[in-house]
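Below: protein27.cif (mmCIF, C-alpha atoms and all ligand atoms)
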data_run
#
loop_
_atom_site.label_atom_id
_atom_site.label_comp_id
_atom_site.auth_asym_id
_atom_site.auth_seq_id
_atom_site.Cartn_x
_atom_site.Cartn_y
_atom_site.Cartn_z
CA MET A 1 -9.47 -28.05 -7.62
CA ILE A 2 -7.20 -29.20 -4.79
CA ILE A 3 -3.49 -28.50 -5.32
CA LEU A 4 -0.53 -29.54 -3.20
CA HIS A 5 2.27 -26.96 -3.53
CA GLY A 6 5.85 -27.86 -2.63
CA PRO A 7 7.83 -29.42 -1.12
CA PHE A 8 9.30 -26.23 0.32
CA LYS A 9 12.42 -25.85 2.42
CA LYS A 10 10.52 -23.57 4.78
CA VAL A 11 7.17 -21.82 4.94
CA ILE A 12 7.01 -18.53 6.82
CA SER A 13 3.30 -18.35 7.57
CA LEU A 14 3.33 -15.38 10.01
CA GLY A 15 0.48 -17.06 11.88
CA GLY A 16 -0.10 -16.03 15.49
CA LEU A 17 1.76 -12.71 15.29
CA SER A 18 0.31 -9.63 16.94
CA MET A 19 -1.34 -6.94 14.85
CA ARG A 20 0.33 -4.19 16.91
CA GLY A 21 3.49 -3.31 18.83
CA PRO A 22 7.02 -4.72 18.69
CA LEU A 23 7.87 -8.11 17.19
CA SER A 24 11.05 -10.10 17.53
CA ASP A 25 12.40 -12.38 14.80
CA SER A 26 12.05 -15.30 17.22
CA ASP A 27 8.27 -14.75 17.16
CA VAL A 28 8.28 -15.91 13.51
CA THR A 29 7.73 -19.66 13.19
CA GLU A 30 9.21 -21.53 10.25
CA ILE A 31 7.59 -24.74 9.03
CA SER A 32 10.28 -27.01 7.51
CA ASP A 33 9.81 -29.58 4.70
CA ALA A 34 6.41 -28.07 4.19
CA GLY A 35 3.60 -28.33 1.71
CA ILE A 36 0.67 -25.97 1.18
CA LEU A 37 -2.68 -27.45 0.23
CA THR A 38 -5.03 -25.11 -1.63
CA GLU A 39 -8.51 -25.35 -3.07
CA ASN A 40 -9.87 -22.79 -5.52
CA GLY A 41 -7.05 -20.42 -4.63
CA LYS A 42 -7.47 -20.55 -0.85
CA ILE A 43 -5.28 -22.32 1.67
CA ILE A 44 -6.78 -25.40 3.29
CA GLU A 45 -3.80 -26.71 5.21
CA ILE A 46 -0.07 -26.17 5.73
CA GLY A 47 2.11 -28.93 7.15
CA ASN A 48 4.67 -31.60 6.49
CA TYR A 49 4.77 -32.24 2.73
CA ALA A 50 4.97 -36.05 2.88
CA HIS A 51 2.11 -36.18 5.33
CA LEU A 52 -0.08 -33.89 3.22
CA GLN A 53 0.74 -35.94 0.12
CA SER A 54 -0.29 -39.28 1.63
CA ALA A 55 -3.43 -37.79 3.18
CA ASN A 56 -4.47 -36.14 -0.13
CA PRO A 57 -3.67 -38.55 -2.97
CA GLU A 58 -6.22 -36.83 -5.23
CA ALA A 59 -4.45 -33.44 -5.06
CA LYS A 60 -2.72 -32.16 -8.18
CA ASN A 61 0.96 -31.36 -7.57
CA ASP A 62 2.50 -27.93 -8.15
CA HIS A 63 6.26 -28.17 -7.78
CA ALA A 64 6.97 -24.51 -8.56
CA GLY A 65 9.41 -23.08 -6.02
CA GLU A 66 10.43 -26.53 -4.86
CA ASN A 67 13.01 -26.50 -2.04
CA MET A 68 12.74 -22.72 -1.66
CA VAL A 69 11.59 -20.52 1.22
CA VAL A 70 7.97 -19.41 0.88
CA MET A 71 6.27 -16.44 2.51
CA PRO A 72 3.08 -14.43 2.00
CA GLY A 73 2.88 -12.08 -0.99
CA PHE A 74 3.68 -8.52 -0.02
CA ILE A 75 0.97 -5.87 0.22
CA ASP A 76 1.53 -2.22 -0.75
CA ALA A 77 -1.15 -0.29 1.13
CA HIS A 78 -0.48 3.17 -0.40
CA THR A 79 0.32 4.00 -4.02
CA HIS A 80 -0.66 6.58 -6.62
CA LEU A 81 0.39 4.52 -9.63
CA CYS A 82 -2.30 5.71 -12.04
CA TRP A 83 -0.67 8.70 -13.71
CA ALA A 84 0.66 9.85 -17.08
CA LYS A 85 4.10 11.38 -17.75
CA ASP A 86 6.90 11.72 -15.27
CA ARG A 87 8.16 14.74 -13.31
CA VAL A 88 11.90 14.58 -13.79
CA LEU A 89 12.11 18.37 -13.62
CA ASP A 90 10.62 18.38 -10.11
CA TYR A 91 13.37 16.05 -9.02
CA ALA A 92 16.08 18.13 -10.69
CA LEU A 93 14.80 21.30 -8.99
CA ARG A 94 14.54 19.54 -5.67
CA VAL A 95 18.08 18.22 -5.65
CA ALA A 96 19.20 21.71 -6.70
CA GLY A 97 17.78 22.93 -3.41
CA LYS A 98 14.15 23.88 -4.08
CA SER A 99 11.63 22.61 -1.53
CA TYR A 100 8.58 20.46 -2.32
CA LEU A 101 6.33 23.42 -1.57
CA GLU A 102 8.42 25.84 -3.65
CA ILE A 103 8.26 23.48 -6.63
CA ALA A 104 4.49 23.23 -6.25
CA GLU A 105 4.19 27.01 -6.09
CA ALA A 106 6.40 27.32 -9.22
CA GLY A 107 3.92 25.26 -11.25
CA GLY A 108 5.28 21.76 -10.66
CA GLY A 109 4.01 19.37 -8.07
CA ILE A 110 0.70 17.55 -8.00
CA TRP A 111 -1.03 20.04 -10.31
CA SER A 112 1.36 19.40 -13.19
CA SER A 113 0.57 15.69 -12.99
CA VAL A 114 -3.13 16.52 -12.97
CA LEU A 115 -2.82 18.45 -16.23
CA LYS A 116 -0.84 15.64 -17.90
CA THR A 117 -3.09 12.89 -16.56
CA ARG A 118 -6.28 14.65 -17.63
CA GLU A 119 -4.93 14.72 -21.20
CA ALA A 120 -4.07 11.03 -21.28
CA SER A 121 -6.42 8.59 -23.00
CA ASP A 122 -8.20 5.88 -21.04
CA ASP A 123 -6.05 3.30 -22.81
CA GLU A 124 -2.82 4.99 -21.83
CA LEU A 125 -3.84 5.27 -18.17
CA ILE A 126 -4.90 1.63 -18.06
CA ARG A 127 -1.67 0.54 -19.76
CA ARG A 128 0.56 2.55 -17.43
CA THR A 129 -1.29 1.28 -14.36
CA VAL A 130 -1.00 -2.34 -15.52
CA GLU A 131 2.73 -1.92 -16.31
CA ARG A 132 3.46 -0.56 -12.85
CA ALA A 133 1.32 -3.23 -11.17
CA GLN A 134 3.17 -5.94 -13.12
CA ARG A 135 6.50 -4.54 -11.97
CA HIS A 136 5.30 -4.73 -8.38
CA LEU A 137 4.00 -8.27 -8.93
CA ASN A 138 7.44 -9.34 -10.13
CA ASP A 139 8.79 -8.06 -6.80
CA GLY A 140 6.34 -10.32 -4.94
CA ILE A 141 3.70 -7.67 -4.26
CA THR A 142 0.35 -9.38 -4.83
CA THR A 143 -2.04 -6.70 -3.50
CA ILE A 144 -1.67 -3.01 -4.34
CA GLU A 145 -3.78 -0.11 -3.16
CA VAL A 146 -4.09 2.46 -5.98
CA LYS A 147 -5.34 6.00 -5.46
CA SER A 148 -6.91 8.32 -7.97
CA GLY A 149 -6.08 11.98 -7.31
CA TYR A 150 -4.56 13.19 -10.57
CA GLY A 151 -7.95 14.03 -12.07
CA LEU A 152 -9.42 16.53 -9.60
CA SER A 153 -12.72 17.09 -11.37
CA VAL A 154 -15.76 14.86 -11.14
CA ALA A 155 -15.30 13.56 -14.69
CA ALA A 156 -11.52 13.15 -14.48
CA GLU A 157 -11.64 11.39 -11.12
CA LEU A 158 -14.23 8.97 -12.52
CA LYS A 159 -11.93 8.41 -15.50
CA LEU A 160 -9.04 7.47 -13.21
CA LEU A 161 -11.14 5.19 -11.04
CA HIS A 162 -12.49 3.46 -14.15
CA ALA A 163 -8.92 3.05 -15.40
CA ILE A 164 -7.83 1.51 -12.07
CA ASN A 165 -10.79 -0.90 -12.16
CA GLU A 166 -10.05 -1.84 -15.79
CA ALA A 167 -6.36 -2.32 -14.99
CA ASN A 168 -7.39 -4.65 -12.18
CA LYS A 169 -8.92 -6.95 -14.79
CA LEU A 170 -5.69 -6.99 -16.82
CA THR A 171 -3.16 -7.76 -14.08
CA GLU A 172 -2.95 -10.74 -11.78
CA ALA A 173 -2.11 -8.39 -8.89
CA GLY A 174 -5.12 -7.41 -6.79
CA LEU A 175 -5.71 -3.65 -7.08
CA ILE A 176 -7.64 -1.89 -4.30
CA PRO A 177 -8.94 1.47 -5.60
CA THR A 178 -9.13 4.55 -3.37
CA CYS A 179 -10.67 7.90 -4.30
CA LEU A 180 -8.21 10.73 -3.63
CA ALA A 181 -10.22 13.47 -5.35
CA ALA A 182 -9.30 15.54 -2.26
CA HIS A 183 -5.58 15.57 -3.15
CA MET A 184 -5.59 19.39 -3.42
CA LYS A 185 -8.06 22.07 -4.44
CA PRO A 186 -7.77 22.12 -8.24
CA ARG A 187 -6.39 25.38 -9.54
CA ASP A 188 -9.25 25.68 -12.01
CA PHE A 189 -11.92 25.46 -9.31
CA GLN A 190 -13.45 28.84 -8.50
CA GLY A 191 -14.28 28.64 -4.82
CA THR A 192 -13.02 27.59 -1.43
CA GLY A 193 -11.60 24.24 -0.43
CA ARG A 194 -14.79 23.59 1.48
CA ALA A 195 -16.86 24.29 -1.63
CA TYR A 196 -14.75 21.84 -3.65
CA LEU A 197 -15.20 19.15 -1.01
CA GLU A 198 -18.95 19.83 -1.09
CA VAL A 199 -18.94 19.15 -4.85
CA LEU A 200 -17.18 15.85 -4.21
CA LEU A 201 -19.76 14.91 -1.57
CA GLN A 202 -22.73 15.88 -3.73
CA GLU A 203 -21.60 14.78 -7.19
CA LEU A 204 -18.65 12.41 -7.08
CA LEU A 205 -18.96 10.12 -4.08
CA PRO A 206 -22.57 9.03 -4.77
CA GLN A 207 -21.53 8.11 -8.32
CA ILE A 208 -18.52 6.14 -7.06
CA LYS A 209 -20.83 4.27 -4.70
CA SER A 210 -23.48 3.52 -7.27
CA ASP A 211 -20.92 2.38 -9.87
CA GLY A 212 -18.95 0.37 -7.29
CA LEU A 213 -15.68 2.08 -8.25
CA ALA A 214 -14.11 2.31 -4.78
CA ASN A 215 -14.94 1.68 -1.13
CA ARG A 216 -12.22 3.91 0.22
CA ILE A 217 -11.55 7.64 0.25
CA ASP A 218 -8.45 9.63 1.10
CA ILE A 219 -7.66 13.31 1.68
CA PHE A 220 -4.40 15.28 1.87
CA ILE A 221 -4.56 17.36 5.06
CA GLU A 222 -1.84 19.97 4.70
CA LYS A 223 -1.32 23.73 4.39
CA THR A 224 -1.16 23.42 0.58
CA ALA A 225 -4.21 21.14 0.41
CA PHE A 226 -7.11 20.89 2.89
CA ASN A 227 -7.32 22.25 6.43
CA PRO A 228 -8.27 20.02 9.38
CA ALA A 229 -11.75 21.54 9.89
CA ASP A 230 -12.87 21.11 6.27
CA SER A 231 -11.27 17.67 6.16
CA LEU A 232 -13.12 16.56 9.28
CA TYR A 233 -16.42 17.60 7.74
CA TYR A 234 -15.64 15.82 4.45
CA LEU A 235 -14.54 12.61 6.13
CA GLN A 236 -17.51 12.52 8.49
CA GLU A 237 -19.93 12.95 5.60
CA ALA A 238 -18.12 10.34 3.49
CA GLY A 239 -18.11 7.99 6.49
CA LYS A 240 -21.90 8.31 6.68
CA MET A 241 -22.02 7.20 3.04
CA GLY A 242 -20.17 4.04 4.03
CA PHE A 243 -16.67 4.78 2.74
CA ASP A 244 -13.59 3.48 4.54
CA ILE A 245 -11.25 6.35 5.33
CA THR A 246 -7.52 6.86 5.00
CA VAL A 247 -5.66 10.15 5.36
CA HIS A 248 -2.42 11.76 4.14
CA ALA A 249 -1.46 13.19 7.51
CA ASP A 250 1.38 15.08 9.24
CA GLN A 251 3.67 15.01 6.18
CA PHE A 252 5.00 18.57 6.53
CA SER A 253 2.86 19.95 9.37
CA VAL A 254 0.66 18.38 12.04
CA GLY A 255 -3.13 18.39 12.30
CA GLY A 256 -4.05 15.57 9.93
CA SER A 257 -3.51 12.56 12.17
CA GLU A 258 -5.79 13.95 14.86
CA VAL A 259 -8.58 14.25 12.29
CA GLY A 260 -7.88 10.72 11.07
CA ILE A 261 -8.14 9.29 14.58
CA GLU A 262 -11.32 11.27 15.25
CA VAL A 263 -13.06 9.69 12.23
CA ASN A 264 -11.69 6.24 13.03
CA ALA A 265 -9.71 6.07 9.80
CA ARG A 266 -8.30 2.72 8.72
CA SER A 267 -4.93 4.40 8.39
CA VAL A 268 -3.07 7.67 8.75
CA ASP A 269 -0.18 7.76 6.31
CA HIS A 270 3.13 9.74 6.20
CA LEU A 271 3.52 11.11 9.80
CA GLU A 272 7.05 12.38 9.15
CA ALA A 273 6.19 15.56 11.09
CA SER A 274 4.26 13.90 13.92
CA GLY A 275 5.40 14.78 17.44
CA GLU A 276 5.14 12.82 20.67
CA GLY A 277 1.51 13.86 21.20
CA GLU A 278 0.43 12.70 17.76
CA ILE A 279 2.36 9.43 18.02
CA SER A 280 0.79 8.64 21.41
CA LEU A 281 -2.69 9.28 20.07
CA ILE A 282 -2.17 7.19 16.93
CA SER A 283 -0.48 4.33 18.74
CA ALA A 284 -3.29 3.98 21.27
CA SER A 285 -5.91 3.82 18.49
CA GLU A 286 -7.17 1.13 16.11
CA THR A 287 -5.89 3.20 13.18
CA THR A 288 -2.79 1.90 11.40
CA ALA A 289 0.18 4.25 10.96
CA VAL A 290 1.58 3.83 7.46
CA ALA A 291 5.23 4.77 7.00
CA LEU A 292 6.17 5.87 3.47
CA PRO A 293 9.98 5.68 3.26
CA GLY A 294 9.87 6.16 -0.52
CA ALA A 295 8.64 9.73 0.05
CA SER A 296 11.40 10.39 2.60
CA LEU A 297 14.00 9.10 0.12
CA GLY A 298 12.44 11.02 -2.77
CA LEU A 299 12.24 14.29 -0.85
CA GLY A 300 15.35 13.93 1.33
CA MET A 301 13.30 14.21 4.51
CA ALA A 302 13.08 12.46 7.86
CA PHE A 303 11.53 9.02 8.04
CA THR A 304 8.23 8.32 9.78
CA PRO A 305 9.04 7.60 13.47
CA ALA A 306 8.29 3.90 13.03
CA ARG A 307 10.26 2.67 16.06
CA ASN A 308 8.46 5.08 18.36
CA ILE A 309 5.06 4.02 16.99
CA LEU A 310 5.79 0.33 17.60
CA ASP A 311 7.28 0.97 21.04
CA LYS A 312 4.10 2.82 21.99
CA GLY A 313 2.11 -0.24 20.95
CA GLY A 314 0.83 1.10 17.62
CA LYS A 315 -0.08 -0.64 14.41
CA LEU A 316 2.59 -0.03 11.75
CA ALA A 317 2.45 -0.76 8.03
CA ILE A 318 5.01 0.28 5.42
CA ALA A 319 4.05 1.30 1.88
CA SER A 320 5.77 2.70 -1.20
CA ASP A 321 3.68 5.85 -1.91
CA TRP A 322 4.73 5.22 -5.55
CA ASN A 323 3.88 8.46 -7.36
CA PRO A 324 5.48 10.72 -10.00
CA GLY A 325 6.44 13.47 -7.54
CA SER A 326 7.65 12.59 -4.08
CA ALA A 327 8.22 8.84 -4.51
CA PRO A 328 9.04 7.89 -8.10
CA MET A 329 11.23 4.88 -7.20
CA GLY A 330 8.38 2.51 -6.44
CA ASP A 331 10.51 -0.22 -4.87
CA LEU A 332 8.66 -1.29 -1.73
CA VAL A 333 11.07 -3.96 -0.50
CA MET A 334 14.13 -1.73 -0.89
CA GLN A 335 12.36 1.12 0.90
CA ALA A 336 11.05 -1.04 3.75
CA SER A 337 14.54 -2.51 4.26
CA VAL A 338 16.14 0.93 4.37
CA LEU A 339 13.49 2.20 6.79
CA GLY A 340 14.36 -0.79 8.95
CA THR A 341 18.04 0.10 9.06
CA PHE A 342 17.41 3.75 9.98
CA GLU A 343 14.54 3.16 12.39
CA LYS A 344 15.97 -0.02 13.93
CA LEU A 345 13.07 -2.25 13.08
CA THR A 346 13.44 -5.98 13.51
CA ILE A 347 13.08 -7.95 10.31
CA ALA A 348 9.85 -9.41 11.72
CA GLU A 349 8.47 -5.87 12.16
CA THR A 350 9.44 -4.86 8.64
CA LEU A 351 7.97 -8.04 7.17
CA ALA A 352 4.76 -7.59 9.18
CA GLY A 353 4.52 -4.02 7.87
CA ILE A 354 4.31 -5.18 4.26
CA THR A 355 2.18 -8.28 4.85
CA PHE A 356 -0.56 -8.84 7.42
CA ARG A 357 -0.34 -5.43 9.05
CA ALA A 358 -0.66 -3.83 5.61
CA ALA A 359 -3.69 -6.06 4.92
CA ASP A 360 -5.24 -4.83 8.16
CA ALA A 361 -4.66 -1.22 7.09
CA LEU A 362 -6.74 -2.01 4.00
CA GLY A 363 -9.42 -3.79 6.03
CA LEU A 364 -8.57 -7.11 4.37
CA ALA A 365 -8.70 -10.16 6.64
CA ASP A 366 -8.16 -12.71 3.86
CA ARG A 367 -4.48 -12.17 3.01
CA GLY A 368 -1.08 -11.24 4.42
CA LYS A 369 -0.53 -14.53 6.27
CA LEU A 370 -0.33 -18.10 5.06
CA GLU A 371 -3.04 -19.78 7.09
CA PRO A 372 -6.12 -21.90 6.34
CA GLY A 373 -8.89 -19.72 4.91
CA GLU A 374 -6.52 -17.12 3.44
CA TRP A 375 -5.86 -16.58 -0.25
CA ALA A 376 -2.78 -18.47 -1.43
CA ASP A 377 -0.99 -15.22 -2.36
CA MET A 378 2.61 -16.26 -1.87
CA GLN A 379 6.19 -16.10 -3.12
CA ALA A 380 9.22 -18.36 -3.13
CA TYR A 381 12.84 -17.26 -2.67
CA ASP A 382 15.97 -19.22 -3.50
CA THR A 383 17.58 -18.80 -0.07
CA ASP A 384 17.90 -20.59 3.28
CA ASP A 385 16.76 -17.64 5.36
CA TYR A 386 13.78 -15.37 4.58
CA ARG A 387 15.64 -12.50 6.23
CA ALA A 388 17.99 -12.40 3.22
CA VAL A 389 15.24 -10.52 1.36
CA PHE A 390 15.74 -7.55 3.71
CA TYR A 391 19.47 -8.09 4.17
CA GLN A 392 19.87 -7.65 0.41
CA GLN A 393 17.62 -4.58 0.64
CA GLY A 394 15.39 -5.48 -2.24
CA ARG A 395 17.97 -7.00 -4.61
CA LEU A 396 16.93 -10.59 -3.91
CA LYS A 397 13.80 -11.18 -5.98
CA PRO A 398 11.24 -13.97 -5.72
CA SER A 399 11.69 -16.91 -8.09
CA VAL A 400 7.97 -17.69 -8.11
CA VAL A 401 4.94 -15.57 -7.22
CA TRP A 402 1.46 -17.04 -6.81
CA LYS A 403 -1.81 -15.12 -6.77
CA SER A 404 -4.75 -17.11 -5.45
CA GLY A 405 -2.74 -20.32 -5.75
CA ARG A 406 -1.67 -19.79 -9.37
CA PRO A 407 1.94 -19.10 -10.38
CA VAL A 408 1.68 -15.78 -12.17
CA THR A 409 5.00 -14.36 -13.13
CA VAL A 410 8.82 -14.22 -12.97
O1 LIG B 501 1.81 11.02 -0.90
N1 LIG B 501 1.41 14.09 -0.19
C1 LIG B 501 0.65 14.14 -1.13
N2 LIG B 501 0.63 13.33 -2.18
C2 LIG B 501 1.71 12.54 -2.65
C3 LIG B 501 2.58 13.30 -3.55
C4 LIG B 501 1.99 13.30 -4.86
C5 LIG B 501 2.75 14.08 -5.87
O2 LIG B 501 3.71 14.80 -5.57
O3 LIG B 501 2.32 13.95 -7.01
C6 LIG B 501 2.44 11.85 -1.53
O4 LIG B 501 3.61 12.10 -1.26
FE FE B 502 0.65 9.40 -1.03
#

Full structure transcribed into structure tokens:
Amino acid sequence: MIILHGPFKKVISLGGLSMRGPLSDSDVTEISDAGILTENGKIIEIGNYAHLQSANPEAKNDHAGENMVVMPGFIDAHTHLCWAKDRVLDYALRVAGKSYLEIAEAGGGIWSSVLKTREASDDELIRRTVERAQRHLNDGITTIEVKSGYGLSVAAELKLLHAINEANKLTEAGLIPTCLAAHMKPRDFQGTGRAYLEVLLQELLPQIKSDGLANRIDIFIEKTAFNPADSLYYLQEAGKMGFDITVHADQFSVGGSEVGIEVNARSVDHLEASGEGEISLISASETTAVALPGASLGLGMAFTPARNILDKGGKLAIASDWNPGSAPMGDLVMQASVLGTFEKLTIAETLAGITFRAADALGLADRGKLEPGEWADMQAYDTDDYRAVFYQQGRLKPSVVWKSGRPVTV
């Protein structure tokens, strides 16, 4: 069915913008008095509303968001939102001065979420995942990457990935599952990290492939998780099986990003500890650097050196890292805005980081911009200037959100 959406005050399509390096706000073109013509959820044409209307008399009209400013739906390229039970105690210990690593060693951290998540029923995990996805959708986030990683056994990781896939059927947001069975070596595994990764390669990843549960895998490369040599082996083997690769890299210590670049990962995420050498290597590569300001705010740590990455010509996306430990806030727009103020990112750079550059980090060429051929994933704001979304640091919410051309929420 052909639908004419609008008329809109302005459409911010983000067409023609570079996938890497600095952007200035003047690079962003605004189409005034615009309409968006869609067919079966995809954009056919964007242009002057009156012109589109007279050229397409058969189109059904959708006046939602009339006279508002429309931009692409946001994309959160890194979350862990499939978990059960919160970790308020971790937070309390942390603000009382304990470090992330000390809390993990004292029995909190990732492992405590694993124990709670393993106990949760399928229904509870699906329900929690849908609830969190719906909250994101209300904030204009139409595509959400969701990692497993709180199961850490073959059966429990499959349970989480099934839950994420089931949740995807129950929310209008598009969920992109990623297997993070290599989040840490489970405490109940008798053997080395390498031996655990071998189990994943032999028993878990083939099953994920044959059941079509995820096309992406992730690993946490860190002193408390997996070392660079074992990680390189795991990622190379998984790459041979056809998985796209993303890496938790350089969060507390370096080593991870180099491995990510070596295996041509889609993205290396975190990078708070990256030095000049790492940043140069990442920025010269095709791999996207994903800044996770929610983790910096949750842990009270430095931000990812986003300005440096862009100035060196790198690809930069910004994601929420929404998880029960380091980033429980889960407010992508607030976090991206705050990263922008600290790192001196232009609004165009921040917006790019949560739209088309985030889509690129996920290997998705069909969203993140409003252009013919793309999904009509979009949102309308009651403002004159799209930059107000970042100026208000997440407090200005969309009045209408569309997924594949259909108004879905708010
Ligand atoms: O991205 N760094 C590793 N994993 C998560 C933290 C998960 C947790 O604490 O439960 C992160 O910050
Ligand atoms: Fe993470």

Who sits within 12 Å of Arg132 of chain A, all atoms listed in the file, same chain under 6 positions skipped, as a PDB file with C-alpha atoms, keeping the file's coordinate frame:
ATOM      1  CA  THR A  79       0.320   4.000  -4.020  1.00  0.00           C
ATOM      2  CA  HIS A  80      -0.660   6.580  -6.620  1.00  0.00           C
ATOM      3  CA  LEU A  81       0.390   4.520  -9.630  1.00  0.00           C
ATOM      4  CA  CYS A  82      -2.300   5.710 -12.040  1.00  0.00           C
ATOM      5  CA  TRP A  83      -0.670   8.700 -13.710  1.00  0.00           C
ATOM      6  CA  ALA A  84       0.660   9.850 -17.080  1.00  0.00           C
ATOM      7  CA  LEU A 125      -3.840   5.270 -18.170  1.00  0.00           C
ATOM      8  CA  ILE A 126      -4.900   1.630 -18.060  1.00  0.00           C
ATOM      9  CA  ASN A 138       7.440  -9.340 -10.130  1.00  0.00           C
ATOM     10  CA  ASP A 139       8.790  -8.060  -6.800  1.00  0.00           C
ATOM     11  CA  ILE A 141       3.700  -7.670  -4.260  1.00  0.00           C
ATOM     12  CA  ILE A 144      -1.670  -3.010  -4.340  1.00  0.00           C
ATOM     13  CA  VAL A 146      -4.090   2.460  -5.980  1.00  0.00           C
ATOM     14  CA  ILE A 164      -7.830   1.510 -12.070  1.00  0.00           C
ATOM     15  CA  ALA A 167      -6.360  -2.320 -14.990  1.00  0.00           C
ATOM     16  CA  ASN A 168      -7.390  -4.650 -12.180  1.00  0.00           C
ATOM     17  CA  LEU A 170      -5.690  -6.990 -16.820  1.00  0.00           C
ATOM     18  CA  THR A 171      -3.160  -7.760 -14.080  1.00  0.00           C
ATOM     19  CA  ALA A 173      -2.110  -8.390  -8.890  1.00  0.00           C
ATOM     20  CA  LEU A 175      -5.710  -3.650  -7.080  1.00  0.00           C
ATOM     21  CA  TRP A 322       4.730   5.220  -5.550  1.00  0.00           C
ATOM     22  CA  ASN A 323       3.880   8.460  -7.360  1.00  0.00           C
ATOM     23  CA  PRO A 324       5.480  10.720 -10.000  1.00  0.00           C
ATOM     24  CA  PRO A 328       9.040   7.890  -8.100  1.00  0.00           C
ATOM     25  CA  MET A 329      11.230   4.880  -7.200  1.00  0.00           C
ATOM     26  CA  GLY A 330       8.380   2.510  -6.440  1.00  0.00           C
ATOM     27  CA  ASP A 331      10.510  -0.220  -4.870  1.00  0.00           C
TER      28      ASP A 331
END

Find the distance between atom CA of Ala92 of chain A and atom CA of Trp111 of chain A and write it in Å to one decimal.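 It comes out at 17.2 Å.
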
List all protein, DNA and RNA residues that have an atom no more than 10 Å from any atom of ligand LIG 501 (chain B), counting only C-alpha atoms and all ligand atoms, and report them as an MDAnalysis selection string. chainID A and resid 78:81 83 86:87 90 100:101 103:104 108:114 147 149:150 180 183:184 219:222 224:225 247:252 269:270 292 294:296 298:299 320:328

Would you save the residues of that selection, restricted to C-alpha atoms, as an mmCIF file, in the coordinates of the input?
data_model
loop_
_atom_site.group_PDB
_atom_site.id
_atom_site.type_symbol
_atom_site.label_atom_id
_atom_site.label_comp_id
_atom_site.auth_asym_id
_atom_site.auth_seq_id
_atom_site.Cartn_x
_atom_site.Cartn_y
_atom_site.Cartn_z
ATOM 1 C CA HIS A 78 -0.480 3.170 -0.400
ATOM 2 C CA THR A 79 0.320 4.000 -4.020
ATOM 3 C CA HIS A 80 -0.660 6.580 -6.620
ATOM 4 C CA LEU A 81 0.390 4.520 -9.630
ATOM 5 C CA TRP A 83 -0.670 8.700 -13.710
ATOM 6 C CA ASP A 86 6.900 11.720 -15.270
ATOM 7 C CA ARG A 87 8.160 14.740 -13.310
ATOM 8 C CA ASP A 90 10.620 18.380 -10.110
ATOM 9 C CA TYR A 100 8.580 20.460 -2.320
ATOM 10 C CA LEU A 101 6.330 23.420 -1.570
ATOM 11 C CA ILE A 103 8.260 23.480 -6.630
ATOM 12 C CA ALA A 104 4.490 23.230 -6.250
ATOM 13 C CA GLY A 108 5.280 21.760 -10.660
ATOM 14 C CA GLY A 109 4.010 19.370 -8.070
ATOM 15 C CA ILE A 110 0.700 17.550 -8.000
ATOM 16 C CA TRP A 111 -1.030 20.040 -10.310
ATOM 17 C CA SER A 112 1.360 19.400 -13.190
ATOM 18 C CA SER A 113 0.570 15.690 -12.990
ATOM 19 C CA VAL A 114 -3.130 16.520 -12.970
ATOM 20 C CA LYS A 147 -5.340 6.000 -5.460
ATOM 21 C CA GLY A 149 -6.080 11.980 -7.310
ATOM 22 C CA TYR A 150 -4.560 13.190 -10.570
ATOM 23 C CA LEU A 180 -8.210 10.730 -3.630
ATOM 24 C CA HIS A 183 -5.580 15.570 -3.150
ATOM 25 C CA MET A 184 -5.590 19.390 -3.420
ATOM 26 C CA ILE A 219 -7.660 13.310 1.680
ATOM 27 C CA PHE A 220 -4.400 15.280 1.870
ATOM 28 C CA ILE A 221 -4.560 17.360 5.060
ATOM 29 C CA GLU A 222 -1.840 19.970 4.700
ATOM 30 C CA THR A 224 -1.160 23.420 0.580
ATOM 31 C CA ALA A 225 -4.210 21.140 0.410
ATOM 32 C CA VAL A 247 -5.660 10.150 5.360
ATOM 33 C CA HIS A 248 -2.420 11.760 4.140
ATOM 34 C CA ALA A 249 -1.460 13.190 7.510
ATOM 35 C CA ASP A 250 1.380 15.080 9.240
ATOM 36 C CA GLN A 251 3.670 15.010 6.180
ATOM 37 C CA PHE A 252 5.000 18.570 6.530
ATOM 38 C CA ASP A 269 -0.180 7.760 6.310
ATOM 39 C CA HIS A 270 3.130 9.740 6.200
ATOM 40 C CA LEU A 292 6.170 5.870 3.470
ATOM 41 C CA GLY A 294 9.870 6.160 -0.520
ATOM 42 C CA ALA A 295 8.640 9.730 0.050
ATOM 43 C CA SER A 296 11.400 10.390 2.600
ATOM 44 C CA GLY A 298 12.440 11.020 -2.770
ATOM 45 C CA LEU A 299 12.240 14.290 -0.850
ATOM 46 C CA SER A 320 5.770 2.700 -1.200
ATOM 47 C CA ASP A 321 3.680 5.850 -1.910
ATOM 48 C CA TRP A 322 4.730 5.220 -5.550
ATOM 49 C CA ASN A 323 3.880 8.460 -7.360
ATOM 50 C CA PRO A 324 5.480 10.720 -10.000
ATOM 51 C CA GLY A 325 6.440 13.470 -7.540
ATOM 52 C CA SER A 326 7.650 12.590 -4.080
ATOM 53 C CA ALA A 327 8.220 8.840 -4.510
ATOM 54 C CA PRO A 328 9.040 7.890 -8.100
#

Residues within 9 Å of (-11.0, -2.1, 8.1), counting all atoms listed in the file, listed as a list of chain:residue names: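 Selection result: A:Asp244, A:Ile245, A:Ala265, A:Arg266, A:Ser267, A:Thr287, A:Ala359, A:Asp360, A:Ala361, A:Leu362, A:Gly363, A:Leu364, A:Ala365.
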